[in-house]
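This is entry24.cif (mmCIF, C-alpha atoms and all ligand atoms).
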data_my_file
loop_
_atom_site.group_PDB
_atom_site.id
_atom_site.type_symbol
_atom_site.label_atom_id
_atom_site.label_comp_id
_atom_site.auth_asym_id
_atom_site.auth_seq_id
_atom_site.Cartn_x
_atom_site.Cartn_y
_atom_site.Cartn_z
ATOM 1 C CA MET A 240 3.983 1.024 -16.758
ATOM 2 C CA SER A 241 1.741 2.780 -19.209
ATOM 3 C CA ASN A 242 -0.668 5.396 -18.032
ATOM 4 C CA ILE A 243 -3.942 6.504 -19.519
ATOM 5 C CA ILE A 244 -2.817 10.023 -18.776
ATOM 6 C CA PRO A 245 0.567 10.651 -20.396
ATOM 7 C CA SER A 246 3.246 11.025 -17.770
ATOM 8 C CA ASP A 247 5.334 14.119 -17.422
ATOM 9 C CA LYS A 248 9.089 14.032 -17.132
ATOM 10 C CA PRO A 249 10.040 11.744 -14.220
ATOM 11 C CA PRO A 250 11.859 13.326 -11.269
ATOM 12 C CA GLU A 251 15.632 13.250 -11.141
ATOM 13 C CA PRO A 252 17.008 10.099 -9.458
ATOM 14 C CA ASP A 253 18.464 10.452 -5.959
ATOM 15 C CA ALA A 254 22.170 10.058 -5.143
ATOM 16 C CA ASN A 255 21.814 6.258 -5.330
ATOM 17 C CA GLY A 256 20.140 6.363 -8.735
ATOM 18 C CA ARG A 257 16.696 5.542 -7.373
ATOM 19 C CA GLU A 258 13.611 7.358 -8.535
ATOM 20 C CA VAL A 259 11.743 8.765 -5.561
ATOM 21 C CA LEU A 260 8.075 8.294 -6.350
ATOM 22 C CA LEU A 261 6.818 9.586 -3.044
ATOM 23 C CA SER A 262 8.627 11.829 -0.649
ATOM 24 C CA ALA A 263 7.224 12.946 2.699
ATOM 25 C CA ARG A 264 9.253 15.519 4.643
ATOM 26 C CA ASP A 265 8.866 16.902 8.131
ATOM 27 C CA ILE A 266 5.280 15.669 8.436
ATOM 28 C CA CYS A 267 3.492 16.736 11.626
ATOM 29 C CA VAL A 268 -0.063 15.619 12.370
ATOM 30 C CA SER A 269 -1.966 16.258 15.607
ATOM 31 C CA PHE A 270 -5.521 15.768 16.726
ATOM 32 C CA GLY A 271 -6.195 18.457 19.298
ATOM 33 C CA THR A 272 -3.348 18.202 21.798
ATOM 34 C CA LYS A 273 -2.432 14.667 20.713
ATOM 35 C CA THR A 274 0.524 14.543 18.335
ATOM 36 C CA VAL A 275 0.547 11.402 16.170
ATOM 37 C CA LEU A 276 3.283 12.218 13.642
ATOM 38 C CA ASP A 277 6.157 14.472 14.570
ATOM 39 C CA HIS A 278 8.635 15.638 11.912
ATOM 40 C CA LEU A 279 8.380 12.364 9.986
ATOM 41 C CA ASP A 280 10.404 11.765 6.791
ATOM 42 C CA LEU A 281 9.832 8.921 4.326
ATOM 43 C CA ASP A 282 10.744 8.097 0.737
ATOM 44 C CA VAL A 283 9.215 5.436 -1.500
ATOM 45 C CA TYR A 284 11.203 4.362 -4.561
ATOM 46 C CA ARG A 285 9.867 3.292 -7.920
ATOM 47 C CA GLY A 286 9.374 -0.442 -8.334
ATOM 48 C CA GLU A 287 9.705 -1.390 -4.676
ATOM 49 C CA ILE A 288 7.334 -2.986 -2.207
ATOM 50 C CA LEU A 289 7.666 -1.003 0.989
ATOM 51 C CA GLY A 290 6.289 -2.618 4.129
ATOM 52 C CA PHE A 291 5.220 -0.079 6.724
ATOM 53 C CA VAL A 292 4.958 -1.387 10.279
ATOM 54 C CA GLY A 293 4.564 -0.072 13.777
ATOM 55 C CA ALA A 294 2.717 -0.733 16.996
ATOM 56 C CA SER A 295 -1.054 -0.593 16.998
ATOM 57 C CA GLY A 296 -2.116 3.032 17.246
ATOM 58 C CA ALA A 297 1.321 4.316 16.231
ATOM 59 C CA GLY A 298 -0.111 6.269 13.300
ATOM 60 C CA LYS A 299 0.352 4.078 10.197
ATOM 61 C CA SER A 300 -3.149 4.718 8.889
ATOM 62 C CA VAL A 301 -2.888 8.387 9.798
ATOM 63 C CA LEU A 302 0.254 8.720 7.686
ATOM 64 C CA MET A 303 -1.322 6.908 4.744
ATOM 65 C CA ARG A 304 -4.417 9.100 4.963
ATOM 66 C CA THR A 305 -2.278 12.209 5.328
ATOM 67 C CA ILE A 306 -0.360 11.334 2.174
ATOM 68 C CA LEU A 307 -3.680 10.803 0.408
ATOM 69 C CA ARG A 308 -4.880 14.186 1.707
ATOM 70 C CA LEU A 309 -7.744 12.628 3.637
ATOM 71 C CA ILE A 310 -6.329 14.061 6.882
ATOM 72 C CA PRO A 311 -4.917 17.600 7.124
ATOM 73 C CA ARG A 312 -1.385 18.018 8.439
ATOM 74 C CA GLN A 313 0.011 20.852 10.509
ATOM 75 C CA LYS A 314 3.375 20.839 8.810
ATOM 76 C CA GLY A 315 5.429 19.137 6.129
ATOM 77 C CA GLU A 316 5.757 18.595 2.413
ATOM 78 C CA ILE A 317 4.499 15.729 0.281
ATOM 79 C CA ARG A 318 5.877 15.187 -3.198
ATOM 80 C CA ILE A 319 4.440 12.703 -5.648
ATOM 81 C CA LEU A 320 6.607 12.092 -8.710
ATOM 82 C CA GLY A 321 8.665 15.074 -7.711
ATOM 83 C CA ARG A 322 5.697 17.455 -7.635
ATOM 84 C CA ASP A 323 4.720 19.254 -4.453
ATOM 85 C CA TYR A 324 1.081 18.384 -4.001
ATOM 86 C CA ASP A 325 0.249 21.728 -2.425
ATOM 87 C CA LYS A 326 1.940 23.842 -5.035
ATOM 88 C CA VAL A 327 0.617 22.389 -8.273
ATOM 89 C CA ALA A 328 -2.457 23.609 -10.081
ATOM 90 C CA GLU A 329 -5.734 21.768 -9.530
ATOM 91 C CA GLU A 330 -5.513 20.117 -12.959
ATOM 92 C CA GLU A 331 -2.121 18.609 -12.167
ATOM 93 C CA ARG A 332 -3.281 17.585 -8.706
ATOM 94 C CA VAL A 333 -6.028 15.546 -10.329
ATOM 95 C CA LYS A 334 -3.434 13.933 -12.607
ATOM 96 C CA LEU A 335 -1.281 13.115 -9.577
ATOM 97 C CA ASP A 336 -4.283 11.591 -7.813
ATOM 98 C CA MET A 337 -4.774 9.370 -10.833
ATOM 99 C CA ARG A 338 -1.251 7.997 -10.401
ATOM 100 C CA LEU A 339 -2.207 6.625 -6.981
ATOM 101 C CA GLY A 340 -4.378 3.608 -6.218
ATOM 102 C CA VAL A 341 -5.692 2.703 -2.775
ATOM 103 C CA LEU A 342 -6.911 -0.503 -1.178
ATOM 104 C CA PHE A 343 -8.452 0.255 2.201
ATOM 105 C CA GLN A 344 -8.405 -2.319 4.955
ATOM 106 C CA GLN A 345 -11.852 -3.854 4.490
ATOM 107 C CA GLY A 346 -11.755 -3.594 0.720
ATOM 108 C CA ALA A 347 -14.377 -0.823 0.881
ATOM 109 C CA LEU A 348 -16.292 -1.925 -2.204
ATOM 110 C CA PHE A 349 -19.702 -0.393 -2.760
ATOM 111 C CA SER A 350 -22.135 -3.148 -1.861
ATOM 112 C CA ALA A 351 -24.869 -1.949 -4.244
ATOM 113 C CA LEU A 352 -22.513 -2.135 -7.234
ATOM 114 C CA THR A 353 -21.155 -5.193 -9.010
ATOM 115 C CA VAL A 354 -17.415 -5.838 -9.081
ATOM 116 C CA LYS A 355 -17.281 -4.486 -12.622
ATOM 117 C CA GLU A 356 -19.132 -1.324 -11.624
ATOM 118 C CA ASN A 357 -16.842 -0.874 -8.634
ATOM 119 C CA ILE A 358 -13.787 -1.135 -10.866
ATOM 120 C CA GLN A 359 -15.294 1.334 -13.299
ATOM 121 C CA LEU A 360 -15.981 3.965 -10.627
ATOM 122 C CA PRO A 361 -12.555 5.639 -10.881
ATOM 123 C CA MET A 362 -12.835 5.523 -14.687
ATOM 124 C CA ARG A 363 -16.176 7.302 -14.491
ATOM 125 C CA GLU A 364 -14.798 9.842 -12.050
ATOM 126 C CA TYR A 365 -11.653 10.730 -13.965
ATOM 127 C CA LEU A 366 -12.099 9.667 -17.574
ATOM 128 C CA ASP A 367 -14.677 10.039 -20.275
ATOM 129 C CA LEU A 368 -14.618 6.619 -21.922
ATOM 130 C CA PRO A 369 -17.218 4.778 -23.959
ATOM 131 C CA ARG A 370 -18.999 1.991 -22.110
ATOM 132 C CA ASP A 371 -17.521 -0.788 -24.287
ATOM 133 C CA LEU A 372 -13.996 0.344 -23.521
ATOM 134 C CA MET A 373 -14.727 0.559 -19.787
ATOM 135 C CA ASP A 374 -16.100 -2.987 -19.923
ATOM 136 C CA GLU A 375 -12.951 -4.181 -21.673
ATOM 137 C CA LEU A 376 -10.714 -2.383 -19.177
ATOM 138 C CA ALA A 377 -12.648 -3.820 -16.222
ATOM 139 C CA ALA A 378 -12.281 -7.314 -17.711
ATOM 140 C CA VAL A 379 -8.522 -6.797 -18.039
ATOM 141 C CA LYS A 380 -8.258 -5.713 -14.388
ATOM 142 C CA ILE A 381 -10.369 -8.671 -13.253
ATOM 143 C CA GLU A 382 -8.029 -11.044 -15.059
ATOM 144 C CA LEU A 383 -4.966 -9.204 -13.786
ATOM 145 C CA VAL A 384 -5.893 -9.853 -10.152
ATOM 146 C CA GLY A 385 -6.698 -13.507 -10.794
ATOM 147 C CA LEU A 386 -10.480 -13.393 -10.497
ATOM 148 C CA ALA A 387 -12.699 -15.486 -12.737
ATOM 149 C CA ARG A 388 -14.249 -13.605 -15.626
ATOM 150 C CA ASP A 389 -17.779 -13.963 -14.242
ATOM 151 C CA ALA A 390 -16.738 -12.250 -10.992
ATOM 152 C CA GLY A 391 -17.391 -8.927 -12.705
ATOM 153 C CA ASP A 392 -21.145 -9.405 -12.497
ATOM 154 C CA LYS A 393 -21.141 -10.444 -8.856
ATOM 155 C CA TYR A 394 -21.955 -8.220 -5.904
ATOM 156 C CA PRO A 395 -19.488 -7.936 -2.990
ATOM 157 C CA SER A 396 -21.833 -9.968 -0.750
ATOM 158 C CA GLU A 397 -21.392 -12.908 -3.137
ATOM 159 C CA LEU A 398 -17.590 -12.889 -2.790
ATOM 160 C CA SER A 399 -15.226 -14.539 -0.313
ATOM 161 C CA GLY A 400 -12.854 -12.366 1.731
ATOM 162 C CA GLY A 401 -9.984 -13.151 -0.622
ATOM 163 C CA MET A 402 -12.075 -12.307 -3.671
ATOM 164 C CA ILE A 403 -13.118 -8.986 -2.111
ATOM 165 C CA LYS A 404 -9.463 -8.074 -1.606
ATOM 166 C CA ARG A 405 -8.715 -8.946 -5.218
ATOM 167 C CA ALA A 406 -11.721 -6.994 -6.488
ATOM 168 C CA ALA A 407 -10.672 -4.007 -4.381
ATOM 169 C CA LEU A 408 -7.160 -4.325 -5.788
ATOM 170 C CA ALA A 409 -8.606 -4.392 -9.306
ATOM 171 C CA ARG A 410 -10.391 -1.136 -8.523
ATOM 172 C CA ALA A 411 -7.168 0.337 -7.112
ATOM 173 C CA LEU A 412 -5.493 -0.565 -10.414
ATOM 174 C CA ALA A 413 -8.337 0.837 -12.543
ATOM 175 C CA LEU A 414 -6.378 3.856 -13.761
ATOM 176 C CA ASP A 415 -3.003 2.094 -14.131
ATOM 177 C CA PRO A 416 -1.464 3.853 -11.111
ATOM 178 C CA ASP A 417 2.285 4.079 -10.501
ATOM 179 C CA LEU A 418 1.886 3.654 -6.757
ATOM 180 C CA VAL A 419 -0.679 1.639 -4.804
ATOM 181 C CA PHE A 420 -1.355 1.970 -1.095
ATOM 182 C CA LEU A 421 -2.470 -1.225 0.600
ATOM 183 C CA ASP A 422 -3.790 -1.016 4.163
ATOM 184 C CA GLU A 423 -3.284 -4.408 5.801
ATOM 185 C CA PRO A 424 -4.136 -6.291 2.598
ATOM 186 C CA THR A 425 -3.767 -9.786 4.051
ATOM 187 C CA SER A 426 -5.662 -9.204 7.306
ATOM 188 C CA GLY A 427 -8.634 -11.524 7.585
ATOM 189 C CA LEU A 428 -7.280 -13.946 4.975
ATOM 190 C CA ASP A 429 -6.294 -17.495 5.804
ATOM 191 C CA PRO A 430 -2.574 -18.300 5.430
ATOM 192 C CA ILE A 431 -2.956 -19.727 1.938
ATOM 193 C CA GLY A 432 -5.093 -16.809 0.776
ATOM 194 C CA ALA A 433 -2.600 -14.380 2.321
ATOM 195 C CA ALA A 434 0.328 -16.112 0.601
ATOM 196 C CA GLU A 435 -1.495 -16.014 -2.731
ATOM 197 C CA PHE A 436 -2.250 -12.326 -2.284
ATOM 198 C CA ASP A 437 1.408 -11.616 -1.521
ATOM 199 C CA GLU A 438 2.406 -13.518 -4.655
ATOM 200 C CA LEU A 439 -0.042 -11.464 -6.670
ATOM 201 C CA ILE A 440 1.437 -8.218 -5.340
ATOM 202 C CA ALA A 441 4.957 -9.385 -6.139
ATOM 203 C CA ARG A 442 3.873 -10.425 -9.632
ATOM 204 C CA LEU A 443 2.303 -7.025 -10.286
ATOM 205 C CA ARG A 444 5.474 -5.334 -9.111
ATOM 206 C CA ASP A 445 7.573 -7.561 -11.380
ATOM 207 C CA THR A 446 5.356 -7.409 -14.478
ATOM 208 C CA LEU A 447 3.914 -3.896 -14.301
ATOM 209 C CA GLY A 448 6.694 -2.177 -12.412
ATOM 210 C CA LEU A 449 4.105 -1.264 -9.795
ATOM 211 C CA THR A 450 5.322 0.476 -6.663
ATOM 212 C CA VAL A 451 3.618 -0.679 -3.474
ATOM 213 C CA TYR A 452 3.242 1.003 -0.088
ATOM 214 C CA MET A 453 1.894 -1.666 2.207
ATOM 215 C CA VAL A 454 0.809 -1.103 5.801
ATOM 216 C CA THR A 455 0.945 -4.532 7.371
ATOM 217 C CA HIS A 456 1.236 -6.543 10.571
ATOM 218 C CA ASP A 457 1.809 -9.714 8.583
ATOM 219 C CA LEU A 458 5.318 -10.996 9.239
ATOM 220 C CA ASP A 459 5.065 -13.408 6.333
ATOM 221 C CA SER A 460 4.481 -10.512 3.955
ATOM 222 C CA LEU A 461 7.367 -8.575 5.465
ATOM 223 C CA PHE A 462 9.755 -11.490 5.142
ATOM 224 C CA SER A 463 8.603 -12.706 1.750
ATOM 225 C CA VAL A 464 7.649 -9.820 -0.530
ATOM 226 C CA CYS A 465 8.799 -6.541 0.942
ATOM 227 C CA ASP A 466 11.962 -5.092 -0.572
ATOM 228 C CA ARG A 467 12.245 -2.536 2.179
ATOM 229 C CA ILE A 468 10.615 -1.974 5.529
ATOM 230 C CA ALA A 469 9.974 1.227 7.435
ATOM 231 C CA VAL A 470 9.119 1.127 11.126
ATOM 232 C CA LEU A 471 6.988 3.838 12.674
ATOM 233 C CA GLY A 472 7.974 4.553 16.263
ATOM 234 C CA ASN A 473 8.158 7.626 18.477
ATOM 235 C CA LYS A 474 5.912 9.412 15.955
ATOM 236 C CA ARG A 475 8.423 9.158 13.114
ATOM 237 C CA VAL A 476 10.245 6.593 10.976
ATOM 238 C CA LEU A 477 12.466 4.898 13.507
ATOM 239 C CA VAL A 478 14.359 2.725 11.040
ATOM 240 C CA GLU A 479 14.087 1.781 7.389
ATOM 241 C CA GLY A 480 15.886 -0.834 5.365
ATOM 242 C CA THR A 481 15.913 -4.526 4.536
ATOM 243 C CA ILE A 482 14.803 -7.370 6.761
ATOM 244 C CA ASP A 483 18.452 -7.827 7.721
ATOM 245 C CA ASP A 484 18.586 -4.196 8.810
ATOM 246 C CA MET A 485 15.521 -4.793 10.985
ATOM 247 C CA LEU A 486 17.023 -7.911 12.519
ATOM 248 C CA SER A 487 20.150 -6.040 13.545
ATOM 249 C CA PHE A 488 18.502 -2.809 14.683
ATOM 250 C CA ASP A 489 18.958 -2.149 18.370
ATOM 251 C CA ASP A 490 15.516 -1.172 19.617
ATOM 252 C CA PRO A 491 13.339 -3.202 22.004
ATOM 253 C CA TRP A 492 10.145 -2.963 19.941
ATOM 254 C CA VAL A 493 11.889 -3.718 16.640
ATOM 255 C CA GLN A 494 13.765 -6.603 18.264
ATOM 256 C CA SER A 495 10.661 -8.157 19.758
ATOM 257 C CA TYR A 496 8.704 -7.678 16.544
ATOM 258 C CA PHE A 497 11.261 -9.110 14.138
ATOM 259 C CA GLN A 498 12.966 -11.534 16.513
ATOM 260 C CA GLY A 499 9.955 -12.563 18.596
ATOM 261 C CA LYS A 500 8.528 -16.046 18.888
ATOM 262 C CA ARG A 501 6.384 -15.799 15.782
ATOM 263 C CA ALA A 502 9.103 -14.161 13.733
ATOM 264 C CA ARG A 503 11.551 -16.901 14.705
ATOM 265 C CA THR A 504 9.295 -19.472 13.056
ATOM 266 C CA ILE A 505 9.769 -17.627 9.776
ATOM 267 C CA LYS A 506 13.232 -18.182 8.442
ATOM 268 C CA ALA A 507 14.720 -15.008 7.018
ATOM 269 C CA PRO A 508 14.849 -15.376 3.244
ATOM 270 C CA THR A 509 17.902 -14.577 1.188
ATOM 271 C CA SER A 510 15.782 -13.441 -1.730
ATOM 272 C CA ARG A 511 12.451 -11.691 -1.955
ATOM 273 C CA SER A 512 10.522 -14.644 -3.425
ATOM 274 C CA SER A 513 10.584 -16.919 -0.439
ATOM 275 C CA ARG A 514 6.952 -17.727 0.147
ATOM 276 C CA GLU A 515 7.859 -21.409 0.210
ATOM 277 C CA THR A 516 10.125 -20.591 3.141
ATOM 278 C CA THR A 517 7.577 -18.474 4.940
ATOM 279 C CA MET A 518 4.847 -21.050 4.462
ATOM 280 C CA VAL A 519 6.830 -23.255 6.820
ATOM 281 C CA GLY A 520 6.263 -20.664 9.470
ATOM 282 C CA ASN A 521 3.269 -19.249 11.211
ATOM 283 C CA SER A 522 1.191 -16.964 9.010
ATOM 284 C CA GLU A 523 -0.658 -15.245 11.813
ATOM 285 C CA SER A 524 -0.422 -11.491 11.882
ATOM 286 C CA ILE A 525 0.999 -9.763 14.905
ATOM 287 C CA LYS A 526 -1.017 -6.971 16.425
ATOM 288 C CA ALA A 527 1.584 -5.176 18.408
HETATM 289 N N1 LIG B 601 -9.635 11.397 13.035
HETATM 290 C C1 LIG B 601 -9.006 11.207 14.188
HETATM 291 N N2 LIG B 601 -9.260 11.989 15.257
HETATM 292 C C2 LIG B 601 -8.602 11.815 16.410
HETATM 293 N N3 LIG B 601 -7.653 10.870 16.617
HETATM 294 C C3 LIG B 601 -7.365 10.074 15.588
HETATM 295 C C4 LIG B 601 -8.021 10.174 14.330
HETATM 296 N N4 LIG B 601 -7.497 9.243 13.489
HETATM 297 C C5 LIG B 601 -6.584 8.576 14.209
HETATM 298 N N5 LIG B 601 -6.505 9.058 15.452
HETATM 299 C C6 LIG B 601 -5.591 8.589 16.498
HETATM 300 O O1 LIG B 601 -4.299 8.546 15.948
HETATM 301 C C7 LIG B 601 -3.569 7.436 16.497
HETATM 302 C C8 LIG B 601 -2.988 6.614 15.377
HETATM 303 O O2 LIG B 601 -4.058 5.906 14.738
HETATM 304 P P1 LIG B 601 -3.816 4.978 13.479
HETATM 305 O O3 LIG B 601 -5.154 4.451 13.089
HETATM 306 O O4 LIG B 601 -3.035 5.694 12.447
HETATM 307 O O5 LIG B 601 -2.921 3.822 14.084
HETATM 308 P P2 LIG B 601 -2.328 2.555 13.336
HETATM 309 O O6 LIG B 601 -0.849 2.601 13.527
HETATM 310 O O7 LIG B 601 -2.826 2.503 11.942
HETATM 311 O O8 LIG B 601 -2.955 1.408 14.228
HETATM 312 P P3 LIG B 601 -3.455 -0.087 13.850
HETATM 313 O O9 LIG B 601 -2.221 -0.875 13.549
HETATM 314 O O10 LIG B 601 -4.111 -0.549 15.103
HETATM 315 O O11 LIG B 601 -4.403 0.008 12.693
HETATM 316 C C9 LIG B 601 -4.545 6.678 17.387
HETATM 317 O O12 LIG B 601 -4.318 7.064 18.713
HETATM 318 C C10 LIG B 601 -5.894 7.159 16.938
HETATM 319 O O13 LIG B 601 -6.831 7.127 17.973
#
Would you mind writing the structure in this file as structure tokens?
Amino acid sequence: MSNIIPSDKPPEPDANGREVLLSARDICVSFGTKTVLDHLDLDVYRGEILGFVGASGAGKSVLMRTILRLIPRQKGEIRILGRDYDKVAEEERVKLDMRLGVLFQQGALFSALTVKENIQLPMREYLDLPRDLMDELAAVKIELVGLARDAGDKYPSELSGGMIKRAALARALALDPDLVFLDEPTSGLDPIGAAEFDELIARLRDTLGLTVYMVTHDLDSLFSVCDRIAVLGNKRVLVEGTIDDMLSFDDPWVQSYFQGKRARTIKAPTSRSSRETTMVGNSESIKA
């Protein structure tokens, strides 16, 4: 996908020919004496939707915030587009930050700003663009996420939950990022709204080549749009792979999560675009 900031040379592909967009190695995070992440490794590949799951309190948000440098870590290395975050100059760090978009769990829009102004915040922070161009870019993002054109002039309090998620996604996409982090994007949405949001994410991946890191408890999302799943357990990534890999992984928590009563109502798809299959099932999220 095109970037406002010209991209540098992409990192070398791994042994399987995949481009590693994000690599986390040996990550250790503790709060006082409580260790939350212990020597955790994770890779995210370009163009994939990675679903990140784990029991409540396992540390999914902590990892996401650690990657985004909102939480300090005691140990480990984080590479974005092959660059070690801690070793690049400040100017390049800012450029790397611009390649990442984030949608926090509650949308986290500024209530005193309109949708358009919210979307333009990252543009104001990182770019020096004329107002007309920012208006045009905001309109493009609003259309991209499937909101009506007049949504740009609305305040968050005037939006439904689904519209807030879309507006927050539009803001996450403001700078044409390579990788977006979504923290439980379908929580609080009704099953139809959740399915539509999943479809939107898949469409953005397919059309823009967007890479998505999605923390979720939503089994429908995991079965329908995620290309790969990583499970956080015992303070590290316990298993990663396809839905089929999850279904055959011999661990009590993974078994009960992916083979439990709710999961059994969702027929495992053979392809990623199986929302019609998952809609047959129960769209409730599991809080482990
Ligand atoms: N700033 C902090 N200070 C101290 N402890 C923290 C802090 N942030 C998170 N924790 C602790 O780290 C652990 C992991 O929390 P985290 O929010 O990452 O879990 P989670 O897997 O995202 O859970 P959920 O699925 O319920 O959202 C929890 O025990 C939490 O209390």
As AutoDock Vina command-line options: centre and edge lengths in Å, one decimal, of the axis-aligned box holding ligand LIG 601 (chain B) with 4 Å per side:
--center_x -5.2 --center_y 5.6 --center_z 15.3 --size_x 16.8 --size_y 20.9 --size_z 14.8
Looking at A:Arg363, A:Arg312, A:Arg318, A:Lys334, which one is nearest to Ser269 of chain A, with distances taken over all atoms listed in the file?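 Distance minimum relative to Ser269 of chain A lands on A:Arg312.
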Which residues, named as in the file, does the PyMOL selection byres (((not hetatm)) within 7 of (chain B and resi 601)) pick out? Answer as a list in words.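 Applied to this file, the PyMOL selection byres (((not hetatm)) within 7 of (chain B and resi 601)) returns Phe270, Val275, Gly293, Ala294, Ser295, Gly296, Ala297, Gly298, Lys299, Ser300, Val301, Leu302 and Lys526 of chain A.
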Record the distance separating atom CA of Phe497 of chain A and atom CA of Arg285 of chain A, expressed in Å with one decimal.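 Separating atom CA of Phe497 of chain A from atom CA of Arg285 of chain A is a distance of 25.3 Å.
If you count only C-alpha atoms and ignore residues fewer than 2 places along the chain from segment 474-478 of chain A, what sits within 8 Å of it is Thr274, Val275, Leu276, Asp277, His278, Leu279, Asp280, Leu281, Ala297, Gly298, Ala469, Val470, Leu471, Gly472, Gly480, Met485 and Phe488 of chain A.
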The PyMOL selection byres (((chain A and resi 382) around 12) and not hetatm) on the file shown: which residues, as a list of chain:residue names? A:Lys355, A:Glu375, A:Leu376, A:Ala377, A:Ala378, A:Val379, A:Lys380, A:Ile381, A:Leu383, A:Val384, A:Gly385, A:Leu386, A:Ala387, A:Arg388, A:Asp389, A:Ala390, A:Gly391, A:Arg405, A:Ala406, A:Leu408, A:Ala409, A:Leu412, A:Leu439
Explicit residues for the PyMOL selection byres (((chain A and resi 255-260) around 9) and not hetatm) (as a CSV table (one decimal) with C-alpha atoms, keeping the file's coordinate frame):
chain,number,residue,atom,x,y,z
A,249,PRO,CA,10.0,11.7,-14.2
A,250,PRO,CA,11.9,13.3,-11.3
A,251,GLU,CA,15.6,13.2,-11.1
A,252,PRO,CA,17.0,10.1,-9.5
A,253,ASP,CA,18.5,10.5,-6.0
A,254,ALA,CA,22.2,10.1,-5.1
A,261,LEU,CA,6.8,9.6,-3.0
A,262,SER,CA,8.6,11.8,-0.6
A,282,ASP,CA,10.7,8.1,0.7
A,283,VAL,CA,9.2,5.4,-1.5
A,284,TYR,CA,11.2,4.4,-4.6
A,285,ARG,CA,9.9,3.3,-7.9
A,286,GLY,CA,9.4,-0.4,-8.3
A,318,ARG,CA,5.9,15.2,-3.2
A,319,ILE,CA,4.4,12.7,-5.6
A,320,LEU,CA,6.6,12.1,-8.7
A,321,GLY,CA,8.7,15.1,-7.7
A,417,ASP,CA,2.3,4.1,-10.5
A,418,LEU,CA,1.9,3.7,-6.8
A,450,THR,CA,5.3,0.5,-6.7
Taking (8.3, 1.3, 1.7) in the file's coordinates, which residues come within 8 Å, counting all atoms listed in the file, written as a PyMOL selection string? chain A and resi 282-284+287-291+451-453+465-469
Deliver the residues from the most recent selection as a file, using C-alpha atoms, as a tab-separated table (two decimals), keeping the file's coordinate frame.
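So part-v1.tsv came out as:
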chain	number	residue	atom	x	y	z
A	282	ASP	CA	10.74	8.10	0.74
A	283	VAL	CA	9.22	5.44	-1.50
A	284	TYR	CA	11.20	4.36	-4.56
A	287	GLU	CA	9.70	-1.39	-4.68
A	288	ILE	CA	7.33	-2.99	-2.21
A	289	LEU	CA	7.67	-1.00	0.99
A	290	GLY	CA	6.29	-2.62	4.13
A	291	PHE	CA	5.22	-0.08	6.72
A	451	VAL	CA	3.62	-0.68	-3.47
A	452	TYR	CA	3.24	1.00	-0.09
A	453	MET	CA	1.89	-1.67	2.21
A	465	CYS	CA	8.80	-6.54	0.94
A	466	ASP	CA	11.96	-5.09	-0.57
A	467	ARG	CA	12.24	-2.54	2.18
A	468	ILE	CA	10.62	-1.97	5.53
A	469	ALA	CA	9.97	1.23	7.44
Between atom CA of Asp392 of chain A and atom CA of Ala407 of chain A, measure the distance and give it in Å to one decimal.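 Those two atoms sit 14.3 Å apart.
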Hey, which of A:Leu449, A:Ala351, A:Arg308, A:Ala413 ends up closest to Asp374 of chain A? Count all atoms listed in the file. A:Ala413
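If only C-alpha atoms are the atoms counted, then among A:Ile306, A:Val419, A:Val268, A:Leu461 the closest residue to Asp325 of chain A is A:Ile306.
Atom pair atom CA of Ser350 of chain A / atom CA of Pro395 of chain A: separated by 5.6 Å.
Neighbours of Thr425 of chain A closer than or equal to 9 Å, with only C-alpha atoms counted and sequence neighbours fewer than 5 positions away skipped, come out as Gln344, Gly401, Lys404, Pro430, Gly432, Ala433, Ala434, Phe436, Asp437, Thr455, His456, Asp457, Ser460 and Ser524 of chain A.
Among the candidate residues A:Pro416, A:Ser399, A:Leu360, A:Thr353, the one lying nearest to Asp429 of chain A is A:Ser399, with distances computed using all atoms listed in the file.
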Could you pull the residues within 8 Å of Met373 of chain A, counting all atoms listed in the file, minus those fewer than 5 positions along the same chain, as a compact mmCIF listing (two decimals) with C-alpha atoms, in the coordinates of the input?
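Output file part-v7.txt is given in full below:
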# COMPACT_ATOMS: atom_id res chain seq x y z
CA GLN A 359 -15.29 1.33 -13.30
CA MET A 362 -12.84 5.52 -14.69
CA LEU A 368 -14.62 6.62 -21.92
